[in-house]
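Novice: Before I ask anything, here is the structure I am working with.
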There are 2 protein chains.
Amino acid sequence: MDKELLKGSTGILLLSLLSEGPMYGYQMVKELEQRSEGIFRFKEGTLYPALHRLEAEGLIEGRWEKRENGPDRKYYYLTSKGGQALAERAKEWGVFRRAVERVIGSGLMLQGQQEGV
Amino acid sequence: MDKELLKGSTGILLLSLLSEGPMYGYQMVKELEQRSEGIFRFKEGTLYPALHRLEAEGLIEGRWEKRENGPDRKYYYLTSKGGQALAERAKEWGVFRRAVERVIGSGLMLQGQQEGV
DNA sequence: CTATATACATCGCTAATCTAGGTATATAAT
DNA sequence: ATTATATACCTAGATTAGCGATGTATATAG
């Protein structure tokens with residue numbers, strides 16, 4: 001996966017997962033990898049700072065869960081503000097996606113007819 | 001337009017335009033704005049460095065055109081290497097787009113049923 | 001002569017990602 | 001016992017992309 005395309009979409013991906021219910025970080029990485037069929041492989045250096053940013057913005061909230069049989073987990077919950085932000089970002093994503101495809105759509109039809117320099 | 005989503009997609013947008021024929025920078029800004037119905041408004045501090053990067057990678061090539069009635073223009077041409085890169089990126093875009101929508105798609109159906117914290 | 005549009009460019013700032021490293025618990029293998 | 005692997009969190013430093021600001025220059029409109 002081209003890492004560049006990922007930039008700017010981590011927020012909506014994480015918020016989307018949490019809109020279905022609370023999850024902890026490590027679980028989110030696995031979920032994203034599974035759902036995207038291996039396309040998204042979040043690094044820890046990307047994930048945790050991203051979660052902290054979202055929490056600082058008040059879009060999610062983290063709560064530690066103590067465990068006996070393994071390392072403690074920090075479960076994140078979507079706040080109501082986060083739910084609103086998700087709705088906005090989902091709308092923006094649609095706008096962005098359509099804009100990209102209007103631009104690259106026409107160009108792609110020329111594939112094979114194009115002469116390089 | 002959310003500037004974050006733009007990151008990583010400037011390359012494919014510029015290459016797409018040039019796949020239809022040579023263009024100069026200023027023209028590309030206007031073209032993108034028009035085609036995206038105002039969504040993409042490339043700043044000069046974004047565009048010119050991006051073009052220089054693509055040229056440094058050998059994906060495009062710039063040639064100055066002298067003019068009598070106005071400032072000179074630097075026309076960019078897609079190289080054959082650039083054509084290949086565009087094909088790859090277009091494929092990647094499709095993969096990426098589908099992956100994002102598999103993730104956010106399910107969450108969006110829950111809109112309105114979700115309780116904030 | 002001033003403002004606007006065209007047309008190129010760079011500098012410094014900010015923000016997001018990655019690499020690499022760290023801590024800690026539990027289990028499986030040697 | 002010790003080593004490896006998986007789980008589970010974290011951060012520091014480097015890199016990179018986009019943006020605001022600014023600069024240069026030409027042509028036209030008021």
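By order of appearance in the structure tokens: chains A, B, ..., then residues from 1 within every chain, and ligands from 1 in the order shown.
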With a cut-off of 12 Å and counting only C-alpha atoms (C1' of nucleotides), select all residues of chain C in contact with chain A and give the selection as a list in words.

Specialist: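 Within 12 Å of chain A on chain C, we get DA15, DA16, DT17, DC18, DT19, DA20, DG21, DT23, DA24, DT25, DA26 and DT27 of chain C.
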
Novice: Export C-alpha atoms (C1' of nucleotides) of the chosen residues as a PDB file, in the first residue's frame?

Specialist:
ATOM      1  C1'  DA C  15       1.586  18.291  10.859  1.00  0.00           C
ATOM      2  C1'  DA C  16       1.500  13.279   9.766  1.00  0.00           C
ATOM      3  C1'  DT C  17       4.015   9.082   9.042  1.00  0.00           C
ATOM      4  C1'  DC C  18       7.728   5.896   9.775  1.00  0.00           C
ATOM      5  C1'  DT C  19      11.834   3.748  11.842  1.00  0.00           C
ATOM      6  C1'  DA C  20      13.652   2.409  15.775  1.00  0.00           C
ATOM      7  C1'  DG C  21      13.670   1.902  20.213  1.00  0.00           C
ATOM      8  C1'  DT C  23       8.534  -1.301  28.786  1.00  0.00           C
ATOM      9  C1'  DA C  24       5.769  -5.170  30.259  1.00  0.00           C
ATOM     10  C1'  DT C  25       2.957  -9.648  30.435  1.00  0.00           C
ATOM     11  C1'  DA C  26       1.927 -14.494  28.850  1.00  0.00           C
ATOM     12  C1'  DT C  27       2.919 -18.583  26.349  1.00  0.00           C
TER      13       DT C  27
END

Novice: Just want the 12 Å neighbourhood of Glu37 of chain A, counted on only C-alpha atoms (C1' of nucleotides), with same-chain residues fewer than 3 positions away dropped. Output as a PyMOL selection string.

Specialist: (chain A and resi 1+30-34+40-41) or (chain B and resi 95-96+98-100+102-103)

Novice: Restricting the calculation to only C-alpha atoms (C1' of nucleotides), which member of D:DA21, D:DA6, D:DA29, D:DA14 is positioned closest to chain B?

Specialist: D:DA21

Novice: Enumerate as a count of residues only the residues belonging to chain D that approach chain A to within 9 Å, with only C-alpha atoms (C1' of nucleotides) taken into account.

Specialist: 5

Novice: For chain B, which residue out of A:Gln84, A:Arg53, A:Thr79, A:Ala90 is the nearest one, using only C-alpha atoms?

Specialist: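 The closest residue to chain B is A:Thr79.
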
Novice: Apply DSSP to the backbone of this structure and, from segment 2-115 of chain A, keep only the residues in helix (DSSP H, G or I); write these as a ChimeraX atom specification.

Specialist: /A:3-6,10-18,25-35,44-56,80-108

Novice: Looking at A:Gly94, A:Met23, A:Ser36, A:Gly62, which one is nearest to chain B, with distances taken over only C-alpha atoms?

Specialist: A:Ser36

Novice: Report as an NGL selection string all protein, DNA and RNA residues lying within 8 Å of Pro22 of chain A, evaluated on only C-alpha atoms (C1' of nucleotides), omitting residues in the same chain fewer than 6 positions from it.

Specialist: :A and (75-78)

Novice: Produce a file of the selected residues containing C-alpha atoms, as a compact mmCIF listing (two decimals), in the first residue's frame.

Specialist:
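Saved result, selection00.txt, follows:
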# COMPACT_ATOMS: atom_id res chain seq x y z
CA TYR A 75 -10.31 0.81 25.18
CA TYR A 76 -11.37 3.79 23.13
CA TYR A 77 -14.94 5.04 22.93
CA LEU A 78 -16.42 7.36 20.35

Novice: Work out how far atom CA of Glu57 of chain B is from atom CA of Trp93 of chain B, in Å to one decimal.

Specialist: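 Those two atoms sit 19.6 Å apart.
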
Novice: As a PDB file with C-alpha atoms (C1' of nucleotides), in the first residue's frame, please: the residues near DG30 of chain D (cut-off 12 Å, only C-alpha atoms (C1' of nucleotides), same-chain neighbours under 5 positions excluded).

Specialist:
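The resulting file, result-v5.pdb, is reproduced below:
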ATOM      1  C1'  DC C   1       0.270  54.740 -11.725  1.00  0.00           C
ATOM      2  C1'  DT C   2      -2.100  51.454  -9.395  1.00  0.00           C
ATOM      3  C1'  DA C   3      -4.535  47.186  -9.275  1.00  0.00           C
ATOM      4  C1'  DT C   4      -5.360  42.718 -11.162  1.00  0.00           C
TER       5       DT C   4
END

Novice: Between atom CA of Gly11 of chain B and atom CA of Leu54 of chain B, what is the spacing in Å?

Specialist: 7.5 Å
